[in-house]
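**Q** Got a structure for you, questions after.
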Protein chains: 2
Amino acid sequence: MATIGDIGLAAAINLITAFIFLLAFAILRLQPFNDRVYFPKWYLKGLRSSPATSGSFVSKFVNLDYRSYLRFLNWMPDALRMPEPELIDHAGLDSAVYLRIYLLGLKVFIPILFLTWAILVPINWTNDWLKDSEANYSNIDKLSISNIPQGSHRFYAHVVMSYAVTFWTCYALKKEYETVALMRLHFLQSEKRRPDQFTVLVKNVPPDADETVSEAVEHFFLVNHPDHYLTHQVVMNANKLSKLVEEKKSKQNWLVYYQNKYERNQSKRPMMKTGFLGLWGEKVDAIEHHMAQIEKLSNEIAEEKEDVVNNPKAIMPAAFVSFKTRWGAAVCAQTQQARNPTLWLTEWAAEPRDVYWQNLAIPYVSLTVRKLLMAVAFFFLTFFFIIPVAFVQSLANLEGIEKRASFLKPIIEVKPIKAFIVGFLPGIALKIFLILLPTILMIMSKFEGLLSISNLERRSASRYYLFNFFNVFLASVVTGTVLEQLDTFLKESVSKLPEIIGVAIPMKATFFITYIMVDGWSGTAGEILRLKPLIIYHLKNFFLVKTEKDREEAMDPGSIGFNTGEPQIQLYFLIGLIYAVVTPLLTPFILVFFAFAYVVYRHQIINVYNQEYESSAAFWPDVHGRIIGALVISQLLLMGLLGTKAAASSTPFLLALPILTIGFHMYCKGRYEPAFIRYPLQEAMMKDTLERAREPNLNLKGYLENAYLPPIFKEAESDSDDDDDEMGDKKWAKDNTLVATKRVSRRNTPVPSKVSNGSSPNLEEIQEKDKP
Amino acid sequence: MATIGDIGLAAAINLITAFIFLLAFAILRLQPFNDRVYFPKWYLKGLRSSPATSGSFVSKFVNLDYRSYLRFLNWMPDALRMPEPELIDHAGLDSAVYLRIYLLGLKVFIPILFLTWAILVPINWTNDWLKDSEANYSNIDKLSISNIPQGSHRFYAHVVMSYAVTFWTCYALKKEYETVALMRLHFLQSEKRRPDQFTVLVKNVPPDADETVSEAVEHFFLVNHPDHYLTHQVVMNANKLSKLVEEKKSKQNWLVYYQNKYERNQSKRPMMKTGFLGLWGEKVDAIEHHMAQIEKLSNEIAEEKEDVVNNPKAIMPAAFVSFKTRWGAAVCAQTQQARNPTLWLTEWAAEPRDVYWQNLAIPYVSLTVRKLLMAVAFFFLTFFFIIPVAFVQSLANLEGIEKRASFLKPIIEVKPIKAFIVGFLPGIALKIFLILLPTILMIMSKFEGLLSISNLERRSASRYYLFNFFNVFLASVVTGTVLEQLDTFLKESVSKLPEIIGVAIPMKATFFITYIMVDGWSGTAGEILRLKPLIIYHLKNFFLVKTEKDREEAMDPGSIGFNTGEPQIQLYFLIGLIYAVVTPLLTPFILVFFAFAYVVYRHQIINVYNQEYESSAAFWPDVHGRIIGALVISQLLLMGLLGTKAAASSTPFLLALPILTIGFHMYCKGRYEPAFIRYPLQEAMMKDTLERAREPNLNLKGYLENAYLPPIFKEAESDSDDDDDEMGDKKWAKDNTLVATKRVSRRNTPVPSKVSNGSSPNLEEIQEKDKP
C-alpha cells in the first residue's frame, strides 16, 4: 500500500517531468525557426508571417535575446487573457465550448473539494477501524471511507455528501447546458450568411427511367416546395478523381524534392529507379520522369473531370437542395417529404467544410446493415481486442522468432538486442494498438456511413469513451483482463456487480492518483510541446520547402481532436465523481489536471489548432450525457460499497439518487437538446426578414450555386488552370471567409486584444526582435 | 405430469363451456328485446330501429320462430363474409387492422405447425431418453425437446428449425407491416376532409403581460407562418362546467325514474329525502324537487359557460391552430417553432373525438416529473403489487374479522358463511385487483399527461403487456411469487437467467395448454355473450327508458378495448413462439385461439363495437415491436435450454439469431415507422392541389372554426337551447359524419352487403318476422 510519502514522490517526479516539458516548450517556441510549429493559427489567419526577414542570419533561426527566456511561463497568463467573445471570433464556437468542458470540471470539483475535505476527511480520520483490523493500510486509507467501521452510523455522512455532490453537479450541468445553448443560439444568430443555412441534403432520390437525378430533384421540389425552392447541386462520385489528384500531389512533392537535391548539388542529376519503391527497375532521370508523370496525370484528371460531370453513372442519387429562404430550408430539413419514408430523406446540410463526401451515396438498407455490423464489431473490439494483441505478442517472443527466422539467430543472441526483444517487444504490440485505436474507431465510424466530419468525431468519441471505461477504468479496478471481466459480468448477478466493483474502488485510489499524474499532468505538458508536428515540419522544411507558400503548406496546425480529447476528460470526470465521496484525497489531483489542461488547451486553441469545421457546439448533449452517466455509475458503486459495509440502514437512502439523476437528464434532454438538433422557424423567419430589409437585391442563387461543389472539383480546377502554389492560398482564403474575423491584417504583428494587451502570446518578443 | 388423456379431458371441458356460451348467445341474440345489446352498431349507424313495431305483444320480447334457432351458428360465416374494404368503411381502419393481428397469428403459426410437426415431432418421438432416465414423464413430454438425450446431435434440427421460425415470422411481419402501412396511407388519402388534417395543437404558449393567449397565438403564427395561418381555437379549462353538466344529467335520470314510477302508480306521488343518499333529511316530492334542481343547475351552467369564455384564468396556454392548407399544418406540426424548445410546442392535433381534453394544459416540467413518477410507480406495481394484495388478504381472514368487528361474530360462525369466507375471500382481493388493473393502468397513463385517447390506450397496452409478461408468463414458468423472481433476477447472473427460465419451459407446456383453453377459448366465447352490457341495458331499460331516444342512450356498444385485448394476443404470440420449437404440441391450441377469436371479434366489430376514435392504425408499430420482442425472448430461452442440454456444439449457432432479429427490427423501424408518425409533404400537397381544383370557393374557415370547441361546450349548448333528447341525436349524427358510410338508411332492414347476401347477421330472421 502506498503511503502519502510515496504519492508525494510520484507527484514530485511527474511535476518535474511536466516542468521539463514546459521548459523545453518555452525554449523551442522562442526560436524563430519553430515559429510556424507553435503559432500556425496566426499564420493561417494572415496575421503573422515568417519572422526571419530582418536581422542577422543566426537570429533567423535562434532567439538570442536572453530576456525572453526569463519570462518562460508568460504564455500562461497570455493564454487566459483573451476574453471568450473574442476567442469565439478567433477560433470558432466549437473550440470555445470545448474549453468550457475543462472549466466545468473546475466548477464541479472545487466546491466538492471544499465540502468533502471539510466534512468527510475529519469523519474518516477519527476512526481506528483500519488500525484495529490489523489490515495492511496507509495514511491514505485512513482518510478514505475504508476507515469507517462496519455498520457505523457515520455512513450517513457519506450518503448526505453523495446527495450534495449529485445536486451540485446537476446544478452546474444545468447552468452550463443553458449557457452553451444560449451561446449556440447567439452564435447562429449573429453569424453571417452561410450556404448551409439555405441548404438541405436530400438522399435516396428514387431512380427514374425518364429523368436524370438532377431533373427529378428539380421537379420534386418545384412541386412540393413551390414557393421556396431555389436551386440544387447533385452529388457526384468523385472518388477516382480524388485519387488522381492525390497521386499528382505526391508526384509533385517528389519533383520538388529532386529539384531541391539538384539545386544543392548541381554536379549530378538525381536518378531513380522506376520499379516498386524505387528498389529496382530502369534507372531514369528523376526530375524528367516526374515531370512527365505529372503531365500525364494532369491530362487524366482533366479527362476524368469531364467524365464525372457527363457520365450519368457518376451522379449519385443525392443532392444539395438550396432554398430561397432559411425558413424554407428549415421546413424541408425537419419534415418528411415522400410517402415512402425511405425515399427523399432530407437533413440539414453540414457546412461545406464539414461534409464527408465519400459517404453521401450509401443506400438505405446498407446503412442499417452497416450500423448493426459496427455495433457488433465494436462489442468485439472492446471485449476481445486482447486476443489478436496477445497473438502478435506470442509471435514476437524470442523462441518464436528464432524458430521462424533461424538466420536471425546470431543477431538475436547478442545480449542488448536480446534484452530489448524480451523486455519491450511484447509490450509494443499493445502500445501500437492503443495508438492506432482512435484511427480504428474513426474508420469504423466512416464505414458506418455518417455524413459529416463532426458527426464522425462525435461517434468515435463516444466509442472511445466506452472503450476507456471498460479497458482503462474497469480493467484497473477489477484487476484482470477485460475478457475475464466479461465473464464476471455474465456469470455474476446484476446486483452483485456494483458490490464487486464498489469494494475494489477505495483500494485503487493510489493507482488512479498516479494515473492522473502520468496521463493527465505529464501528458498535458507533453501536448504543448507538439513533438510530432515539430519533427515533421522540420523534415518537410528541409526536403520540400522552396517558397514561402511551401512553408505554409508544411505547417500542420491540427485540430482539437474531439474524438480523443473529450473521452479523456470524461474519464477524469468519472474518476473524480466516483472518488469524491470515497477518497476525498483524490479530488485535488483531478483539479490540478483540469486547471492545467484548461490553460494548455486555451493556449493551443489560440495559437495552434485550426478547427476544420464549425458545428456550433453540436457535441454538448454528448458531453452532458456522459457526465450524467458517470454520476449514475458513481452512485451505483457507492451503493455497492456501502452494501458490503453492513450499512444497511443508510444504503436505501441512496436508491432515490439514480432515479433523480435520470429524471434530471430527461428534463435537460427535453429542455435543451432540441436547441442542438433543430432550427426554430422563428429564428429562420427573423433572419430572413432582416436580410430582405437589408439587401433587397441580393443574388442568392449566384451565392449558393457552387457552394456545394465537391472540394476535389475546386482543387482540380485550381490545379488545372493554375500552378499548385496558389491552391493553398485559395483554400485558406476560403477558410477565412467562413470563420469571421474582426481583425485587420497587419504585417508581422498580431493585433493586441481589444480588452487586454498582448493577447497574442509572444507579441512582446516579436516586437523586441523587430526593433532595429 | 399430465398425459395426453388429461389434456383431452380439459379440452373437452373447455369446448363444452365454450359451446354453452355460444348456445346462450345464439338464443339471447335472437330475442328482439336483446336486439340493442347485440346489434348496437347498426342502430348507431341508423340502419336498424327497434324491431318491436309490428306483430303480437309477445313477439316484441321473445322470438317464437323455431327455425331461427336451428341455424344458431350462422353468425360465423356471416361475420366472415363482409369484405375488408367494406369493413373499413363500416367500422374504421383501427378495427380492421386490429383484426389483422389475429390473422397475422394464423399466418405465422400455420406454416410453423406444419414444419414442426413434420420435422421435430418425429425427431423428438424416436428417442428413449425419458424412458431411460426413469424420470416422471408423460406422452406429451415424449413429443417435446425433453426427450432428446444430453449432447445429442439431433439438437441441430431444433437450431435449424429455430432459424426457420425466425425467418418465417420476420417475413410475415414485414409483409404485414408493409400492408398495414399501405392501408393507412390509402385510408388517409381517400379520407374526406377532416378538421385534424388542417390543425396543429400548440402547447406551452408563453404568458405575455400585454396580450391574451388568443392574441399571442394569432400574432406568433401570423409572423412565423404568414402564408398559411388561418384561425385558431384556444383551449379552455372547462372541468367545472363538465362537472355541472354531469350532475345535471344524473338529476335528469332520477327525474325520469320518478316520473316513470309515478306513471305506473299514479295513486301516490313519489317522495324522497334530501339528505345524504336519500337516507335522512326533509321529505319532499321527488319530481318537483328534481325539477327545481335541474332548473338551478341549468342556470349555473349558463353562468359558468359565460365565465369560462370571458375569464382569462380559464384560458389555458394551449391552442388548436388551423392552417389554410394541409401542407402548412404538416410543416407546423413537424418543425420547431420557437428559440426556446419548451415553448410553442406543436404536434398534430388528434381528431376532435380522440382529444383527451383534461390533459391539455400540463406544463412542461410537470410532464417530465409525471413521466418519471409513473415509470417508478409501474415498476413497483409490477413487482410489488402482491404486497398490498397480501395485506388485504390478511385482513380478510376469519380471526381478523372477528377481532375487529366482534358484533359480526354470530353471523360469521354460521357454517356456510364461514366456509365462504375461508374459501373465497382471500382470493377475491387478488381477483378484484386483476379486474381493476386495466383501469389502474389507464389512470396512470392519464396522470402521465398523454393528450389523446388513442395514446392513452397504447401506453396502457404496453404496460399491461409487461405486467402480463412478468406476472403471468414468468410467474408461471419460474414458480414462485414475482417478488421472489425479482430476487432471482437480481441475484443470479445475466447469462444464467435464460438457463433458469429455459429449463423450466418444457415442463410448463401442459400448464400453458390449459391456460390457452381457459383464457383463450372459453374467455373468447364469453366475450361474445356480453353479459355485463346485457344486464346493465335491461336495468336501464326498466328504470329509465321512456322514449326510443332513451333506449338508444341506454345502449352501450363499447369499443374494442385495445388496452386489454392487444396485450392478451401478444401473450399468445409469446407463448406460441417460445413453444414452437420446444413443444410443437402446443401450436394447434394457439391456432384454435387465433381462428376462433378472429371470427368472434370480427362479429363484434361488425355488430357491436362503436370505436370512439380513429387513429388510422397508429398502433401497429407497437404490435410489431412486441412480436419482435417475443421472438428474441424465445431465441434466448432456447439458447438457455440447449445450454443445459450439453449441446455445446449446436448452441453457438443460435447466437446470430437475436442479432439478426434486432437488425431486422431496426430496418423495419426506419423503413415503415415514419409512415405512422409523420405526414409526408408530398401527400399534403397533392390533397391540397386536388381540393383547390375541385372546390375553389370552399369556406375552410367556417368549416374549421368550431371543430375544436370542447365537447362539453357543444353538449352544454345543445342542453341549454333544447331539451336533452336531441343531444344524443346530434352526437351520433356527428359520429356518422366522421366515419364515412356508403349505405343508404332504410327503415328496419340493414342493406345487404354489396358483395354477398346477408352481411347483416340476422337479416333473414328479421325479414321473416316482418312478414305478415
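Simple scheme: letters A, B, ... for chains in C-alpha cells order, numbers from 1 for residues in each chain, numbers from 1 for ligands in the order shown.
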Residues of chain B within 9 Å of chain A, counting only C-alpha atoms - could you list those as a ChimeraX atom specification?
**A** /B:185,220,223-225,327,330-342,364-365,368-369,371-372,376,488-496,659-660,662-664,666-667,670-675,678-686
**Q** At a cut-off of 9 Å, using only C-alpha atoms, what residues contact A:Thr169? Leave out same-chain residues fewer than 2 positions from it and give the result as a PyMOL selection string.
**A** chain A and resi 107-109+112+164-167+171-174+627-628+631
**Q** Could you list, as a list in words, every residue within 8 Å of B:Val217, counting only C-alpha atoms and ignoring same-chain residues fewer than 4 positions away?
**A**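 Here the qualifying residues turn out to be Val205, Val213, Phe221, His232 and Ala319 of chain B.
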**Q** Could those selected residues go to a file with N, CA, C and O atoms, as an mmCIF file, in the first residue's frame?
**A**
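Saved file part02.cif follows:
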data_model
loop_
_atom_site.group_PDB
_atom_site.id
_atom_site.type_symbol
_atom_site.label_atom_id
_atom_site.label_comp_id
_atom_site.auth_asym_id
_atom_site.auth_seq_id
_atom_site.Cartn_x
_atom_site.Cartn_y
_atom_site.Cartn_z
ATOM 1 N N VAL B 205 -47.805 27.924 -24.680
ATOM 2 C CA VAL B 205 -47.772 29.296 -25.165
ATOM 3 C C VAL B 205 -47.250 30.162 -24.013
ATOM 4 O O VAL B 205 -47.781 30.081 -22.906
ATOM 5 N N VAL B 213 -53.823 35.041 -24.401
ATOM 6 C CA VAL B 213 -53.298 33.862 -25.085
ATOM 7 C C VAL B 213 -53.731 33.871 -26.550
ATOM 8 O O VAL B 213 -52.937 33.617 -27.463
ATOM 9 N N PHE B 221 -48.253 33.165 -35.030
ATOM 10 C CA PHE B 221 -48.385 32.393 -36.259
ATOM 11 C C PHE B 221 -48.534 33.273 -37.485
ATOM 12 O O PHE B 221 -48.140 32.873 -38.579
ATOM 13 N N HIS B 232 -57.589 29.974 -35.127
ATOM 14 C CA HIS B 232 -57.218 29.137 -34.003
ATOM 15 C C HIS B 232 -58.351 29.098 -32.978
ATOM 16 O O HIS B 232 -59.285 29.905 -33.026
ATOM 17 N N ALA B 319 -53.509 25.966 -27.646
ATOM 18 C CA ALA B 319 -54.494 26.324 -28.656
ATOM 19 C C ALA B 319 -54.440 25.337 -29.817
ATOM 20 O O ALA B 319 -53.411 24.722 -30.073
#
**Q** Select from stretch 532-608 of chain B everything DSSP, run on the backbone, classes as alpha helix (DSSP H), then give the selection as number ranges by chain.
**A** B: 532-543, 548-554, 562-582, 587-607
**Q** Which residues come within 9 Å of A:Tyr537, counting only C-alpha atoms, excluding same-chain residues fewer than 6 positions away, as a PDB file with N, CA, C and O atoms, in the first residue's frame?
**A**
ATOM      1  N   ASN A  34      11.050  27.716 -35.271  1.00  0.00           N
ATOM      2  CA  ASN A  34       9.919  26.880 -34.841  1.00  0.00           C
ATOM      3  C   ASN A  34       8.600  27.642 -34.872  1.00  0.00           C
ATOM      4  O   ASN A  34       7.558  27.095 -34.519  1.00  0.00           O
ATOM      5  N   ARG A  36       6.464  28.561 -36.940  1.00  0.00           N
ATOM      6  CA  ARG A  36       5.313  28.013 -37.648  1.00  0.00           C
ATOM      7  C   ARG A  36       4.745  26.748 -37.002  1.00  0.00           C
ATOM      8  O   ARG A  36       3.665  26.299 -37.335  1.00  0.00           O
ATOM      9  N   VAL A  37       5.541  26.132 -36.105  1.00  0.00           N
ATOM     10  CA  VAL A  37       5.028  24.951 -35.405  1.00  0.00           C
ATOM     11  C   VAL A  37       4.169  25.387 -34.218  1.00  0.00           C
ATOM     12  O   VAL A  37       3.158  24.778 -33.924  1.00  0.00           O
ATOM     13  N   ARG A 551       6.255  26.547 -47.378  1.00  0.00           N
ATOM     14  CA  ARG A 551       6.438  26.508 -45.932  1.00  0.00           C
ATOM     15  C   ARG A 551       5.069  26.549 -45.241  1.00  0.00           C
ATOM     16  O   ARG A 551       4.819  25.844 -44.284  1.00  0.00           O
ATOM     17  N   ALA A 554       3.636  23.239 -45.298  1.00  0.00           N
ATOM     18  CA  ALA A 554       4.307  22.269 -44.429  1.00  0.00           C
ATOM     19  C   ALA A 554       3.805  22.366 -42.986  1.00  0.00           C
ATOM     20  O   ALA A 554       3.985  21.448 -42.202  1.00  0.00           O
ATOM     21  N   MET A 555       3.168  23.495 -42.652  1.00  0.00           N
ATOM     22  CA  MET A 555       2.608  23.638 -41.316  1.00  0.00           C
ATOM     23  C   MET A 555       1.481  22.633 -41.117  1.00  0.00           C
ATOM     24  O   MET A 555       0.707  22.402 -42.024  1.00  0.00           O
ATOM     25  N   ASP A 556       1.426  22.073 -39.918  1.00  0.00           N
ATOM     26  CA  ASP A 556       0.289  21.183 -39.632  1.00  0.00           C
ATOM     27  C   ASP A 556      -0.339  21.647 -38.329  1.00  0.00           C
ATOM     28  O   ASP A 556       0.033  21.168 -37.270  1.00  0.00           O
TER      29      ASP A 556
END
**Q** What are the DSSP strand (DSSP E or B) residues of stretch 113-225 of chain B, as number ranges by chain?
**A** B: 199-203
**Q** So that I have them on file, write out the residues from the current selection with all heavy atoms, as a compact mmCIF listing (two decimals), in the first residue's frame.
**A**
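Output below, filename selection-v3.txt:
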# COMPACT_ATOMS: atom_id res chain seq x y z
N THR B 199 -55.11 21.00 -38.70
CA THR B 199 -54.97 21.60 -37.38
C THR B 199 -53.78 21.04 -36.62
O THR B 199 -53.47 19.85 -36.71
CB THR B 199 -56.26 21.38 -36.58
OG1 THR B 199 -57.35 21.86 -37.36
CG2 THR B 199 -56.22 22.12 -35.27
N VAL B 200 -53.15 21.91 -35.87
CA VAL B 200 -51.99 21.57 -35.07
C VAL B 200 -52.29 22.00 -33.65
O VAL B 200 -52.89 23.05 -33.43
CB VAL B 200 -50.76 22.30 -35.63
CG1 VAL B 200 -49.64 22.34 -34.62
CG2 VAL B 200 -50.31 21.65 -36.92
N LEU B 201 -51.88 21.18 -32.70
CA LEU B 201 -52.06 21.56 -31.30
C LEU B 201 -50.80 22.27 -30.83
O LEU B 201 -49.71 21.74 -30.95
CB LEU B 201 -52.32 20.32 -30.45
CG LEU B 201 -52.31 20.54 -28.95
CD1 LEU B 201 -53.39 21.51 -28.54
CD2 LEU B 201 -52.48 19.23 -28.21
N VAL B 202 -50.96 23.47 -30.32
CA VAL B 202 -49.81 24.23 -29.80
C VAL B 202 -49.90 24.25 -28.30
O VAL B 202 -50.92 24.64 -27.74
CB VAL B 202 -49.83 25.67 -30.33
CG1 VAL B 202 -48.63 26.43 -29.82
CG2 VAL B 202 -49.85 25.67 -31.82
N LYS B 203 -48.83 23.81 -27.65
CA LYS B 203 -48.82 23.82 -26.20
C LYS B 203 -47.77 24.79 -25.70
O LYS B 203 -46.92 25.24 -26.45
CB LYS B 203 -48.52 22.42 -25.65
CG LYS B 203 -49.62 21.44 -25.93
CD LYS B 203 -49.41 20.18 -25.13
CE LYS B 203 -48.05 19.58 -25.44
NZ LYS B 203 -47.77 18.43 -24.59
**Q** For B:Gln197, which of B:Arg602, B:Lys687, B:Arg326, B:Arg29 is the closest residue, counting only C-alpha atoms?
**A**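 Among B:Arg602, B:Lys687, B:Arg326, B:Arg29, it is B:Arg326 that comes nearest to B:Gln197.
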